[in-house]
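Text of start-v9.cif, listed as mmCIF, C-alpha atoms and all ligand atoms:
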data_run
loop_
_atom_site.group_PDB
_atom_site.id
_atom_site.type_symbol
_atom_site.label_atom_id
_atom_site.label_comp_id
_atom_site.auth_asym_id
_atom_site.auth_seq_id
_atom_site.Cartn_x
_atom_site.Cartn_y
_atom_site.Cartn_z
ATOM 1 C CA MET A 1 47.303 139.737 115.427
ATOM 2 C CA THR A 2 44.968 139.094 118.318
ATOM 3 C CA LEU A 3 43.615 135.588 118.668
ATOM 4 C CA SER A 4 39.854 135.785 118.907
ATOM 5 C CA SER A 5 39.150 132.070 119.014
ATOM 6 C CA ARG A 6 40.785 128.897 120.238
ATOM 7 C CA TYR A 7 40.088 127.138 116.937
ATOM 8 C CA PHE A 8 42.768 126.933 114.248
ATOM 9 C CA PRO A 9 41.326 126.402 110.739
ATOM 10 C CA ILE A 10 42.948 123.632 108.669
ATOM 11 C CA PHE A 11 41.965 121.372 105.752
ATOM 12 C CA LEU A 12 42.552 117.717 106.612
ATOM 13 C CA ASP A 13 43.226 114.732 104.372
ATOM 14 C CA LEU A 14 41.198 112.091 106.212
ATOM 15 C CA SER A 15 42.228 109.092 104.148
ATOM 16 C CA ASN A 16 44.276 107.394 106.882
ATOM 17 C CA PHE A 17 42.054 108.375 109.791
ATOM 18 C CA ARG A 18 39.799 106.119 111.808
ATOM 19 C CA VAL A 19 36.650 107.952 112.872
ATOM 20 C CA LEU A 20 34.197 106.841 115.541
ATOM 21 C CA VAL A 21 30.755 108.430 115.455
ATOM 22 C CA ILE A 22 28.728 107.801 118.604
ATOM 23 C CA GLY A 23 24.986 107.950 117.960
ATOM 24 C CA GLY A 24 23.523 107.137 114.557
ATOM 25 C CA GLY A 25 20.512 109.477 114.509
ATOM 26 C CA LYS A 26 20.068 112.494 112.237
ATOM 27 C CA VAL A 27 23.228 114.364 113.261
ATOM 28 C CA GLY A 28 25.450 111.246 113.625
ATOM 29 C CA THR A 29 24.316 109.893 110.242
ATOM 30 C CA LYS A 30 25.093 113.144 108.458
ATOM 31 C CA ARG A 31 28.553 113.422 109.990
ATOM 32 C CA ALA A 32 29.392 109.733 109.449
ATOM 33 C CA LEU A 33 28.465 109.994 105.750
ATOM 34 C CA ARG A 34 30.439 113.233 105.311
ATOM 35 C CA PHE A 35 33.578 111.767 106.908
ATOM 36 C CA LYS A 36 33.209 108.625 104.770
ATOM 37 C CA ASP A 37 32.795 110.726 101.605
ATOM 38 C CA TYR A 38 36.136 112.307 102.430
ATOM 39 C CA GLY A 39 37.895 108.948 102.705
ATOM 40 C CA ALA A 40 37.962 108.258 106.450
ATOM 41 C CA LYS A 41 37.382 104.756 107.799
ATOM 42 C CA VAL A 42 34.197 105.331 109.779
ATOM 43 C CA THR A 43 32.596 103.252 112.531
ATOM 44 C CA VAL A 44 29.299 104.149 114.159
ATOM 45 C CA VAL A 45 28.304 102.933 117.596
ATOM 46 C CA THR A 46 24.623 103.413 118.245
ATOM 47 C CA LEU A 47 21.529 101.942 119.836
ATOM 48 C CA GLN A 48 19.242 102.709 116.892
ATOM 49 C CA VAL A 49 20.370 102.832 113.278
ATOM 50 C CA SER A 50 18.985 105.168 110.636
ATOM 51 C CA GLU A 51 18.012 103.651 107.272
ATOM 52 C CA GLU A 52 20.633 105.743 105.515
ATOM 53 C CA LEU A 53 23.377 104.316 107.738
ATOM 54 C CA GLN A 54 22.053 100.803 107.258
ATOM 55 C CA ARG A 55 22.532 101.201 103.482
ATOM 56 C CA SER A 56 25.851 103.071 103.680
ATOM 57 C CA GLY A 57 28.341 100.216 104.095
ATOM 58 C CA ILE A 58 29.728 101.996 107.176
ATOM 59 C CA GLU A 59 30.813 99.658 109.991
ATOM 60 C CA LEU A 60 28.054 99.608 112.635
ATOM 61 C CA ILE A 61 28.304 98.545 116.265
ATOM 62 C CA ILE A 62 24.849 98.227 117.790
ATOM 63 C CA ASN A 63 25.587 98.797 121.441
ATOM 64 C CA ASP A 64 25.397 101.248 124.299
ATOM 65 C CA ALA A 65 28.366 103.598 123.916
ATOM 66 C CA ARG A 66 28.826 103.535 127.712
ATOM 67 C CA SER A 67 30.178 99.999 127.480
ATOM 68 C CA LEU A 68 32.664 100.956 124.758
ATOM 69 C CA VAL A 69 34.242 104.067 126.234
ATOM 70 C CA ASP A 70 37.654 102.368 126.570
ATOM 71 C CA ASP A 71 37.581 101.473 122.856
ATOM 72 C CA ILE A 72 37.966 105.100 121.825
ATOM 73 C CA SER A 73 41.747 104.642 122.046
ATOM 74 C CA LYS A 74 41.507 102.750 118.710
ATOM 75 C CA TYR A 75 40.208 105.804 116.865
ATOM 76 C CA ASP A 76 41.790 109.086 115.806
ATOM 77 C CA ILE A 77 38.672 111.255 115.602
ATOM 78 C CA ILE A 78 35.537 110.928 117.691
ATOM 79 C CA VAL A 79 32.146 112.576 117.164
ATOM 80 C CA THR A 80 29.632 112.377 120.015
ATOM 81 C CA ALA A 81 26.172 112.700 118.498
ATOM 82 C CA THR A 82 23.797 110.862 120.809
ATOM 83 C CA ASN A 83 20.769 112.635 122.239
ATOM 84 C CA ASP A 84 22.251 112.128 125.720
ATOM 85 C CA ARG A 85 24.110 115.386 126.316
ATOM 86 C CA GLU A 86 25.841 114.172 129.490
ATOM 87 C CA LEU A 87 27.135 111.053 127.758
ATOM 88 C CA ASN A 88 28.403 113.141 124.822
ATOM 89 C CA SER A 89 30.236 115.519 127.155
ATOM 90 C CA MET A 90 31.734 112.714 129.239
ATOM 91 C CA ILE A 91 33.058 110.847 126.171
ATOM 92 C CA CYS A 92 34.403 114.013 124.541
ATOM 93 C CA ARG A 93 36.260 114.961 127.718
ATOM 94 C CA ARG A 94 37.799 111.481 127.961
ATOM 95 C CA ALA A 95 38.764 111.530 124.263
ATOM 96 C CA ILE A 96 40.464 114.920 124.529
ATOM 97 C CA GLU A 97 42.397 113.749 127.604
ATOM 98 C CA MET A 98 43.666 110.942 125.346
ATOM 99 C CA ARG A 99 44.754 113.628 122.824
ATOM 100 C CA LYS A 100 42.139 112.596 120.311
ATOM 101 C CA LEU A 101 40.292 114.990 118.060
ATOM 102 C CA CYS A 102 36.748 115.148 119.381
ATOM 103 C CA ASN A 103 33.686 116.963 118.121
ATOM 104 C CA ASN A 104 30.559 117.245 120.230
ATOM 105 C CA PRO A 105 27.852 118.661 117.935
ATOM 106 C CA THR A 106 25.526 118.985 120.927
ATOM 107 C CA ASN A 107 27.860 121.275 122.838
ATOM 108 C CA PRO A 108 30.675 123.023 120.979
ATOM 109 C CA LYS A 109 32.320 124.007 124.273
ATOM 110 C CA ASP A 110 33.402 120.378 124.796
ATOM 111 C CA SER A 111 34.934 120.031 121.338
ATOM 112 C CA ASN A 112 38.542 120.485 120.314
ATOM 113 C CA PHE A 113 37.378 120.871 116.714
ATOM 114 C CA ILE A 114 34.156 122.084 115.156
ATOM 115 C CA VAL A 115 32.713 121.228 111.751
ATOM 116 C CA PRO A 116 32.248 124.319 109.611
ATOM 117 C CA ILE A 117 29.805 124.684 106.779
ATOM 118 C CA PHE A 118 31.823 124.404 103.612
ATOM 119 C CA TYR A 119 32.044 124.287 99.854
ATOM 120 C CA GLU A 120 34.854 122.709 97.875
ATOM 121 C CA ASP A 121 35.232 121.757 94.225
ATOM 122 C CA GLY A 122 38.865 120.708 93.917
ATOM 123 C CA ASP A 123 39.960 124.232 92.918
ATOM 124 C CA ILE A 124 38.764 126.237 95.859
ATOM 125 C CA ALA A 125 37.528 125.460 99.345
ATOM 126 C CA ILE A 126 35.617 127.857 101.558
ATOM 127 C CA ALA A 127 34.759 126.915 105.132
ATOM 128 C CA VAL A 128 32.671 129.204 107.329
ATOM 129 C CA SER A 129 32.025 129.051 111.022
ATOM 130 C CA THR A 130 30.287 131.447 113.349
ATOM 131 C CA MET A 131 31.805 129.396 116.168
ATOM 132 C CA GLY A 132 28.536 127.603 116.811
ATOM 133 C CA LYS A 133 26.486 130.816 117.093
ATOM 134 C CA SER A 134 24.252 130.091 114.091
ATOM 135 C CA SER A 135 24.710 127.592 111.271
ATOM 136 C CA ILE A 136 21.959 129.392 109.361
ATOM 137 C CA VAL A 137 24.005 132.601 109.338
ATOM 138 C CA SER A 138 27.168 130.611 108.457
ATOM 139 C CA LYS A 139 25.289 129.263 105.429
ATOM 140 C CA LEU A 140 24.247 132.795 104.411
ATOM 141 C CA ILE A 141 27.874 133.960 104.588
ATOM 142 C CA LEU A 142 29.026 130.978 102.502
ATOM 143 C CA ASP A 143 26.294 131.539 99.895
ATOM 144 C CA GLN A 144 27.252 135.213 99.568
ATOM 145 C CA ALA A 145 30.949 134.353 99.203
ATOM 146 C CA LEU A 146 30.056 131.865 96.449
ATOM 147 C CA ASN A 147 27.786 134.392 94.706
ATOM 148 C CA MET A 148 30.638 136.899 94.746
ATOM 149 C CA LEU A 149 32.999 134.307 93.215
ATOM 150 C CA ARG A 150 30.493 133.273 90.554
ATOM 151 C CA SER A 151 29.715 136.850 89.549
ATOM 152 C CA ASN A 152 33.394 137.741 89.234
ATOM 153 C CA GLU A 153 34.846 135.426 86.619
ATOM 154 C CA SER A 154 38.275 137.033 86.706
ATOM 155 C CA ILE A 155 39.004 135.600 90.175
ATOM 156 C CA MET A 156 38.793 132.027 88.876
ATOM 157 C CA LEU A 157 40.727 133.006 85.748
ATOM 158 C CA SER A 158 43.514 134.521 87.835
ATOM 159 C CA LEU A 159 43.627 131.293 89.856
ATOM 160 C CA LYS A 160 44.016 129.289 86.648
ATOM 161 C CA ALA A 161 46.696 131.651 85.336
ATOM 162 C CA MET A 162 48.653 131.830 88.602
ATOM 163 C CA ALA A 163 48.608 128.006 88.911
ATOM 164 C CA LYS A 164 50.153 127.829 85.438
ATOM 165 C CA VAL A 165 52.657 130.564 86.352
ATOM 166 C CA LYS A 166 53.664 128.494 89.393
ATOM 167 C CA GLU A 167 54.162 125.381 87.246
ATOM 168 C CA ILE A 168 56.402 127.315 84.839
ATOM 169 C CA LEU A 169 58.360 129.112 87.546
ATOM 170 C CA LYS A 170 59.024 125.951 89.576
ATOM 171 C CA ALA A 171 60.473 124.306 86.472
ATOM 172 C CA ARG A 172 62.459 127.372 85.425
ATOM 173 C CA VAL A 173 63.698 129.193 88.506
ATOM 174 C CA SER A 174 65.475 127.210 91.206
ATOM 175 C CA ASP A 175 65.875 130.068 93.698
ATOM 176 C CA PRO A 176 62.672 130.171 95.805
ATOM 177 C CA SER A 177 63.115 133.788 96.878
ATOM 178 C CA LEU A 178 63.336 134.874 93.227
ATOM 179 C CA ARG A 179 60.216 132.822 92.480
ATOM 180 C CA TYR A 180 58.328 134.586 95.293
ATOM 181 C CA THR A 181 59.382 137.998 93.981
ATOM 182 C CA LEU A 182 58.210 136.988 90.517
ATOM 183 C CA TYR A 183 54.789 135.729 91.668
ATOM 184 C CA HIS A 184 54.074 139.162 93.147
ATOM 185 C CA LYS A 185 55.550 141.067 90.218
ATOM 186 C CA ILE A 186 53.396 139.093 87.758
ATOM 187 C CA PHE A 187 50.238 139.233 89.842
ATOM 188 C CA GLU A 188 50.558 143.015 90.281
ATOM 189 C CA ASP A 189 51.432 143.702 86.631
ATOM 190 C CA GLU A 190 48.802 145.873 84.932
ATOM 191 C CA GLU A 191 49.064 144.177 81.546
ATOM 192 C CA PHE A 192 48.741 140.693 83.133
ATOM 193 C CA GLU A 193 45.645 141.922 85.000
ATOM 194 C CA ARG A 194 44.141 143.438 81.846
ATOM 195 C CA HIS A 195 44.449 140.116 79.984
ATOM 196 C CA ILE A 196 42.823 138.283 82.898
ATOM 197 C CA ASN A 197 39.960 140.802 83.026
ATOM 198 C CA ASN A 198 39.462 140.325 79.262
ATOM 199 C CA GLY A 199 39.368 136.539 79.722
ATOM 200 C CA GLU A 200 42.575 136.129 77.651
ATOM 201 C CA ILE A 201 44.387 133.568 79.704
ATOM 202 C CA ASP A 202 46.978 132.627 77.030
ATOM 203 C CA SER A 203 47.958 136.293 76.642
ATOM 204 C CA ALA A 204 48.221 136.591 80.432
ATOM 205 C CA ILE A 205 50.625 133.612 80.518
ATOM 206 C CA ARG A 206 52.669 135.116 77.664
ATOM 207 C CA ARG A 207 52.915 138.405 79.589
ATOM 208 C CA ALA A 208 53.998 136.443 82.695
ATOM 209 C CA GLU A 209 56.724 134.765 80.626
ATOM 210 C CA GLU A 210 57.923 138.178 79.412
ATOM 211 C CA ILE A 211 58.290 139.311 83.022
ATOM 212 C CA MET A 212 60.175 136.085 83.860
ATOM 213 C CA ASN A 213 62.521 136.712 80.896
ATOM 214 C CA GLU A 214 63.225 140.263 82.091
ATOM 215 C CA VAL A 215 64.309 139.035 85.517
ATOM 216 C CA SER A 216 65.812 135.554 85.109
HETATM 217 C C1 LIG B 301 27.580 123.104 109.171
HETATM 218 C C2 LIG B 301 26.754 122.055 109.896
HETATM 219 C C3 LIG B 301 27.503 120.790 109.655
HETATM 220 C C4 LIG B 301 26.885 119.533 110.186
HETATM 221 O O1 LIG B 301 26.050 119.542 111.089
HETATM 222 O O2 LIG B 301 27.312 118.484 109.694
HETATM 223 C C5 LIG B 301 26.625 122.475 111.343
HETATM 224 N N1 LIG B 301 25.365 122.706 111.669
HETATM 225 C C6 LIG B 301 24.538 122.526 110.619
HETATM 226 C C7 LIG B 301 23.153 122.820 110.647
HETATM 227 C C8 LIG B 301 22.346 123.239 111.775
HETATM 228 N N2 LIG B 301 22.638 123.023 113.076
HETATM 229 C C9 LIG B 301 21.625 123.564 113.883
HETATM 230 C C10 LIG B 301 20.645 124.125 113.025
HETATM 231 C C11 LIG B 301 19.357 124.787 113.512
HETATM 232 C C12 LIG B 301 19.461 126.306 113.445
HETATM 233 C C13 LIG B 301 20.689 126.946 114.043
HETATM 234 O O3 LIG B 301 21.013 126.709 115.226
HETATM 235 O O4 LIG B 301 21.350 127.761 113.340
HETATM 236 C C14 LIG B 301 21.129 123.946 111.711
HETATM 237 C C15 LIG B 301 20.506 124.442 110.433
HETATM 238 C C16 LIG B 301 19.746 123.409 109.720
HETATM 239 O O5 LIG B 301 19.416 122.334 110.286
HETATM 240 O O6 LIG B 301 19.422 123.729 108.566
HETATM 241 C C17 LIG B 301 21.509 123.523 115.342
HETATM 242 C C18 LIG B 301 22.722 123.446 116.184
HETATM 243 N N3 LIG B 301 24.016 123.611 115.754
HETATM 244 C C19 LIG B 301 24.860 123.433 116.815
HETATM 245 C C20 LIG B 301 24.072 123.146 117.964
HETATM 246 C C21 LIG B 301 24.636 122.896 119.350
HETATM 247 C C22 LIG B 301 24.666 124.119 120.195
HETATM 248 O O7 LIG B 301 24.646 125.258 119.694
HETATM 249 O O8 LIG B 301 24.727 123.933 121.428
HETATM 250 C C23 LIG B 301 22.725 123.177 117.571
HETATM 251 C C24 LIG B 301 21.475 122.954 118.419
HETATM 252 C C25 LIG B 301 20.990 124.243 118.996
HETATM 253 C C26 LIG B 301 19.860 123.975 119.966
HETATM 254 O O9 LIG B 301 19.922 123.003 120.711
HETATM 255 O O10 LIG B 301 18.899 124.787 119.975
HETATM 256 C C27 LIG B 301 26.267 123.494 116.741
HETATM 257 C C28 LIG B 301 27.057 123.334 115.607
HETATM 258 N N4 LIG B 301 26.627 123.203 114.317
HETATM 259 C C29 LIG B 301 27.724 123.150 113.489
HETATM 260 C C30 LIG B 301 27.721 122.749 112.176
HETATM 261 C C31 LIG B 301 28.936 123.574 114.221
HETATM 262 C C32 LIG B 301 29.128 125.080 114.113
HETATM 263 C C33 LIG B 301 29.366 125.550 112.682
HETATM 264 C C34 LIG B 301 29.189 127.048 112.566
HETATM 265 O O11 LIG B 301 29.829 127.784 113.318
HETATM 266 O O12 LIG B 301 28.443 127.461 111.676
HETATM 267 C C35 LIG B 301 28.557 123.189 115.647
HETATM 268 C C36 LIG B 301 29.261 124.004 116.715
HETATM 269 C C37 LIG B 301 28.814 121.711 115.824
HETATM 270 C C38 LIG B 301 30.252 121.309 115.712
HETATM 271 O O13 LIG B 301 30.928 121.373 116.744
HETATM 272 O O14 LIG B 301 30.699 120.907 114.668
HETATM 273 C C39 LIG B 301 25.267 122.017 109.441
HETATM 274 C C40 LIG B 301 25.041 122.828 108.162
HETATM 275 C C41 LIG B 301 23.862 122.269 107.369
HETATM 276 C C42 LIG B 301 23.840 122.746 105.954
HETATM 277 O O15 LIG B 301 24.515 122.108 105.123
HETATM 278 O O16 LIG B 301 23.126 123.723 105.677
HETATM 279 N N1 LIG B 302 25.251 120.328 115.598
HETATM 280 C C1 LIG B 302 24.147 120.375 114.944
HETATM 281 O O1 LIG B 302 24.166 120.830 113.821
HETATM 282 C C2 LIG B 302 22.898 119.876 115.569
HETATM 283 C C3 LIG B 302 21.719 119.960 114.806
HETATM 284 C C4 LIG B 302 20.564 119.435 115.355
HETATM 285 C C5 LIG B 302 20.606 118.827 116.621
HETATM 286 N N2 LIG B 302 21.766 118.759 117.341
HETATM 287 C C6 LIG B 302 21.828 118.052 118.641
HETATM 288 O O2 LIG B 302 22.413 116.744 118.389
HETATM 289 C C7 LIG B 302 21.839 115.715 119.225
HETATM 290 C C8 LIG B 302 21.447 114.520 118.416
HETATM 291 O O3 LIG B 302 20.413 114.900 117.520
HETATM 292 P P1 LIG B 302 19.751 113.877 116.496
HETATM 293 O O4 LIG B 302 18.708 114.652 115.802
HETATM 294 O O5 LIG B 302 20.797 113.175 115.711
HETATM 295 O O6 LIG B 302 19.044 112.841 117.534
HETATM 296 P P2 LIG B 302 18.416 111.431 117.198
HETATM 297 O O7 LIG B 302 17.424 111.159 118.280
HETATM 298 O O8 LIG B 302 18.013 111.365 115.758
HETATM 299 O O9 LIG B 302 19.642 110.422 117.380
HETATM 300 C C9 LIG B 302 20.236 110.085 118.590
HETATM 301 C C10 LIG B 302 20.985 108.780 118.396
HETATM 302 O O10 LIG B 302 21.788 108.518 119.544
HETATM 303 C C11 LIG B 302 21.708 107.130 119.819
HETATM 304 N N3 LIG B 302 22.010 106.911 121.255
HETATM 305 C C12 LIG B 302 21.393 107.441 122.343
HETATM 306 N N4 LIG B 302 21.989 107.002 123.478
HETATM 307 C C13 LIG B 302 22.978 106.169 123.095
HETATM 308 C C14 LIG B 302 23.936 105.384 123.811
HETATM 309 N N5 LIG B 302 23.982 105.354 125.162
HETATM 310 N N6 LIG B 302 24.820 104.634 123.108
HETATM 311 C C15 LIG B 302 24.781 104.640 121.730
HETATM 312 N N7 LIG B 302 23.910 105.358 121.024
HETATM 313 C C16 LIG B 302 23.010 106.102 121.679
HETATM 314 C C17 LIG B 302 20.290 106.737 119.465
HETATM 315 O O11 LIG B 302 20.210 105.329 119.249
HETATM 316 C C18 LIG B 302 20.089 107.571 118.196
HETATM 317 O O12 LIG B 302 20.515 106.842 117.060
HETATM 318 C C19 LIG B 302 20.660 116.388 119.948
HETATM 319 O O13 LIG B 302 21.090 116.575 121.282
HETATM 320 C C20 LIG B 302 20.469 117.750 119.247
HETATM 321 O O14 LIG B 302 20.179 118.783 120.165
HETATM 322 C C21 LIG B 302 22.904 119.278 116.815
#
Would you kindly transcribe this structure into structure tokens?
Amino acid sequence: MTLSSRYFPIFLDLSNFRVLVIGGGKVGTKRALRFKDYGAKVTVVTLQVSEELQRSGIELIINDARSLVDDISKYDIIVTATNDRELNSMICRRAIEMRKLCNNPTNPKDSNFIVPIFYEDGDIAIAVSTMGKSSIVSKLILDQALNMLRSNESIMLSLKAMAKVKEILKARVSDPSLRYTLYHKIFEDEEFERHINNGEIDSAIRRAEEIMNEVS
């Protein structure tokens, strides 16, 4: 595989992370609220505060970020969202030197992570990035992926069935390599697939159990 980008996609549990957002305007507010929604402990340092931030319960430091540059060591993730591009770049560079995760929404080239456009509902997560080329096109790609999922019910049914198969197999088969063989055997079985396509999830599970009985 050829690497076409320096960014590695991961899904992060933010619940033990301290996030510093610098600049509490439109972009900073949106990012601060998103990170908070996902459980991070967020602080915003800003000269002016948006009304939304004021009401959010997020910790606010009303100050010039220039005087707080050394404080970034206290945080794990930094987002530089002021309207001063030079300041954003300078802080992001310093943060990355300190091995922090830093996102500069005003210049993706400075960032060591970028924020994709995403959808997640607890069952599936889809994140799309065009590597900063166009968020509007990223949104179009995400919408089309979601339309495809919503118009093809059997994908979500196979997810439900395969999650159940995993639960059963983990309890029943202790050898992981046998479990892996079985996942593929079940997923590729024509009768299992037919039940899924007919929306008969219980029959699909019964067929999966038959296959397990044949092998283990
Ligand atoms: C997903 C979302 C998350 C969020 O912001 O929280 C997000 N941008 C959103 C919207 C949006 N941003 C912009 C427009 C105007 C039209 C357009 O440009 O398309 C719109 C559309 C709108 O407002 O509707 C302008 C823009 N975007 C960037 C720059 C800087 C630059 O390019 O230099 C400029 C200024 C360009 C200039 O100065 O002219 C860069 C980035 N924007 C990213 C994420 C990252 C790449 C993700 C990717 O690859 O897709 C990255 C690299 C930042 C990063 O590092 O994370 C959010 C989705 C909102 C939703 O939910 O619909
Ligand atoms: N990535 C994206 O999706 C995206 C989208 C739109 C705009 N942008 C870029 O993001 C930047 C910010 O946009 P915005 O609409 O949020 O701007 P804004 O004017 O609404 O907010 C800027 C904020 O930065 C604060 N600030 C400025 N200097 C500061 C300092 N020295 N210390 C602390 N806080 C300081 C201001 O008080 C203000 O709250 C712009 O450069 C814009 O080009 C990025």
Nearby residues, ligand LIG 302 (chain B), 10 Å, all atoms listed in the file, as a ChimeraX atom specification: /A:21-31,44-50,61-69,80-88,103-108,114-117,132,134-136
Choose the residue, out of A:Lys133, A:Ile96, A:Ile72, A:Ile77, that has the smallest atom-to-atom separation from ligand LIG 301 (chain B); count all atoms listed in the file.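 Looking only at the distances to ligand LIG 301 (chain B), the closest residue turns out to be A:Lys133.
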Nearest residue to Lys36 (chain A) from the set A:Glu51, A:Glu59, A:Glu190, A:Asp110 (distances using all atoms listed in the file):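 Closest residue, counting all atoms listed in the file: A:Glu59.
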Residue neighbourhood Leu146 (chain A), 9 Å, all atoms listed in the file, exclusion window fewer than 5 positions, as a ChimeraX atom specification: /A:119,126,141,151
With 6 Å of padding per side, what axis-aligned box (centre and edge lengths, Å, one decimal) covers all the listed atoms of ligand LIG 301 (chain B)? Give it as AutoDock Vina command-line options.
--center_x 24.9 --center_y 123.1 --center_z 113.3 --size_x 24.0 --size_y 21.3 --size_z 28.3
Proximity to ligand LIG 301 (chain B) - best of A:Ala125, A:Met212, A:Ala161, A:Ala32, all atoms listed in the file: A:Ala32
CA of Val137 (chain A) and atom O12 of ligand LIG 301 (chain B), how far apart in Å?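 Separation of atom O12 of ligand LIG 301 (chain B) and CA of Val137 (chain A): 7.2 Å.
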To test your reading of the syntax: which residues would the PyMOL selection byres (((chain A and resi 74) around 12) and not hetatm) return for the file shown? Reply as number ranges by chain. A: 17-20, 41-43, 68-73, 75-78, 95, 98, 100
Which distance in Å separates atom C32 of ligand LIG 301 (chain B) and CA of Met131 (chain A), to one decimal?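 Answer for the atom C32 of ligand LIG 301 (chain B) to CA of Met131 (chain A) separation: 5.5 Å.
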